[in-house]
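Peer 1: Got a structure for you, questions after.
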Amino acid sequence: MDNYFNYFTEIEAHFQQRRGGILLLSTLDWALIETWKDAGIPLEAALRGVDAAFDKYDQRPSKTRKVNSLAYCAQEVLAAAEDMKEAAVGSARGAGSNLGFHSAEIADFLRRNAAELEAARLPSRAGISPGEIAREAARTLEEMAVEVETKLPRLEDLERKLTLLEEKLFAVLLAAIPDEEVVAVRAQADRELAPYRSKMPAGQIEQLQKQYAHKRLLEKYRIPRLSLFYM
């Protein structure tokens, strides 16, 4: 994937440029970008899709409302990704490259996240202790930081380990959270998604709901995102 570790910021900047003004992306927008990343949609396809959506918008005779969500571009992004797949364009991911990341920067990022996990105040249920899992994750991050300082691994390998660690932590957090809290977050996602349901396939809607809940709950309990995307 082109510009692998700049995926989020590249899409955000391009969307803001085409919109013609600074608009902070919403939780929904960030969750949508995560679904594209997880689906393996190349950065180039995402940028082409944003361009295609705004090109169509610019051709409209009446533009009384600005585009206020990246979800407006979702259908065109999927179409651009399919076009690139069919043309076999942009398949190189730069898999062996560390793209300018330095050992010290990564080690510092891992240790900051470890400290935040140690300090996190998490809910619990009988037999379910997210706090204990968070402390175990913090110790793992400290160990990874030492390893990174010794020898910088392939970033994609490191990213996979961090993703698995975050998924494990989120799963136990989700199990400990009261059901009504999870229902409330999902209801909020439904409300925000309602205007865009006709622009996205059902599978992407479902994935987006999950990503939205993931992001909101981690933010609420101040659990850091472990991915190198958030360095």
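In the structure tokens, each chain is lettered A, B, ... as it comes, each chain's residues begin at 1, and ligands are numbered from 1 in order of appearance.
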Can you tell me, as a list of chain:residue names, what residues are no more than 9 Å from stretch 124-129 of chain A when counting only C-alpha atoms, ignoring any on the same chain fewer than 6 positions away?
Peer 2: A:Val172, A:Leu173, A:Ala175, A:Ala176, A:Ile177, A:Pro178
Peer 1: Find the residues near stretch 183-191 of chain A: any atom within 7 Å, counting only C-alpha atoms, skip ones fewer than 3 places away on the same chain, and give them as an mmCIF file with all heavy atoms, in the first residue's frame.
Peer 2:
```
data_model
loop_
_atom_site.group_PDB
_atom_site.id
_atom_site.type_symbol
_atom_site.label_atom_id
_atom_site.label_comp_id
_atom_site.auth_asym_id
_atom_site.auth_seq_id
_atom_site.Cartn_x
_atom_site.Cartn_y
_atom_site.Cartn_z
ATOM 1 N N ASP A 179 -23.718 -3.805 28.958
ATOM 2 C CA ASP A 179 -24.350 -3.966 27.654
ATOM 3 C C ASP A 179 -25.004 -2.676 27.166
ATOM 4 O O ASP A 179 -24.939 -2.339 25.980
ATOM 5 C CB ASP A 179 -25.401 -5.079 27.714
ATOM 6 C CG ASP A 179 -24.777 -6.448 27.932
ATOM 7 O OD1 ASP A 179 -23.562 -6.584 27.707
ATOM 8 O OD2 ASP A 179 -25.509 -7.377 28.324
ATOM 9 N N GLU A 180 -25.630 -1.945 28.100
ATOM 10 C CA GLU A 180 -26.332 -0.724 27.689
ATOM 11 C C GLU A 180 -25.377 0.323 27.127
ATOM 12 O O GLU A 180 -25.754 1.132 26.268
ATOM 13 C CB GLU A 180 -27.134 -0.132 28.849
ATOM 14 C CG GLU A 180 -26.337 0.193 30.094
ATOM 15 C CD GLU A 180 -26.267 -0.970 31.083
ATOM 16 O OE1 GLU A 180 -26.474 -2.126 30.646
ATOM 17 O OE2 GLU A 180 -26.021 -0.708 32.272
ATOM 18 N N ALA A 194 -26.890 7.014 9.192
ATOM 19 C CA ALA A 194 -28.172 7.010 8.481
ATOM 20 C C ALA A 194 -28.154 7.753 7.145
ATOM 21 O O ALA A 194 -28.657 7.236 6.140
ATOM 22 C CB ALA A 194 -29.267 7.568 9.390
ATOM 23 N N GLN A 209 -19.692 0.245 11.497
ATOM 24 C CA GLN A 209 -20.287 0.283 12.831
ATOM 25 C C GLN A 209 -19.334 -0.294 13.877
ATOM 26 O O GLN A 209 -19.188 0.263 14.970
ATOM 27 C CB GLN A 209 -21.606 -0.494 12.836
ATOM 28 C CG GLN A 209 -22.740 0.196 12.100
ATOM 29 C CD GLN A 209 -23.957 -0.703 11.950
ATOM 30 O OE1 GLN A 209 -23.832 -1.900 11.725
ATOM 31 N NE2 GLN A 209 -25.140 -0.123 12.094
ATOM 32 N N TYR A 212 -16.410 2.117 14.399
ATOM 33 C CA TYR A 212 -16.872 3.292 15.143
ATOM 34 C C TYR A 212 -16.914 2.983 16.636
ATOM 35 O O TYR A 212 -16.400 3.740 17.455
ATOM 36 C CB TYR A 212 -18.253 3.697 14.632
ATOM 37 C CG TYR A 212 -18.824 4.944 15.281
ATOM 38 C CD1 TYR A 212 -18.737 6.178 14.646
ATOM 39 C CD2 TYR A 212 -19.478 4.886 16.506
ATOM 40 C CE1 TYR A 212 -19.268 7.315 15.228
ATOM 41 C CE2 TYR A 212 -20.007 6.015 17.098
ATOM 42 C CZ TYR A 212 -19.904 7.234 16.453
ATOM 43 O OH TYR A 212 -20.427 8.350 17.038
ATOM 44 N N ALA A 213 -17.545 1.854 16.987
ATOM 45 C CA ALA A 213 -17.644 1.475 18.395
ATOM 46 C C ALA A 213 -16.257 1.259 18.996
ATOM 47 O O ALA A 213 -15.983 1.681 20.132
ATOM 48 C CB ALA A 213 -18.487 0.212 18.531
#
```
Peer 1: A:Pro224, A:Ala81, A:Glu156, A:Leu174: which is nearest A:Ala115, counting only C-alpha atoms?
Peer 2: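 Once distances to A:Ala115 are computed over only C-alpha atoms, the minimum belongs to A:Pro224.
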Peer 1: Considering only C-alpha atoms, return as a list of chain:residue names whatever protein or nucleic-acid residues lie within 7 Å of A:Arg48, sequence-local ones (same chain, fewer than 3 positions apart) excluded.
Peer 2: A:Glu44, A:Ala45, A:Asp51, A:Ala52, A:Val77, A:Ala80
Peer 1: Considering only C-alpha atoms, can you say which of A:Leu43, A:Met84, A:Ala145, A:Ala53 comes closest to A:Tyr72?
Peer 2: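 Ranked by minimum distance to A:Tyr72, first place goes to A:Ala53.
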Peer 1: Have a look at A:Ser62, A:Thr35, A:Asn6, A:Thr140 and name the one nearest to A:Arg111; count only C-alpha atoms.
Peer 2: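 The answer is A:Thr140, which sits nearest to A:Arg111.
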Peer 1: Please determine, counting only C-alpha atoms, which residue among A:Phe229, A:Ser69, A:Arg18, A:Lys56 has the shortest atom-to-atom distance to A:Glu159.
Peer 2: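 The shortest atom-to-atom distance to A:Glu159 comes from A:Phe229.
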Peer 1: Could you tell me how far atom CA of A:Ala79 sits from atom CA of A:Met200, in Å to one decimal place?
Peer 2: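 Separation of atom CA of A:Met200 and atom CA of A:Ala79: 10.9 Å.
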Peer 1: Excluding same-chain residues fewer than 3 positions from A:Ile106, what lies within 9 Å of it counting only C-alpha atoms, as a count of residues only?
Peer 2: 12
Peer 1: Quick check, in Å to one decimal: how far apart do atom CA of A:Ala71 and atom CA of A:Leu169 lie?
Peer 2: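 According to the coordinates, atom CA of A:Ala71 and atom CA of A:Leu169 are separated by 28.0 Å.
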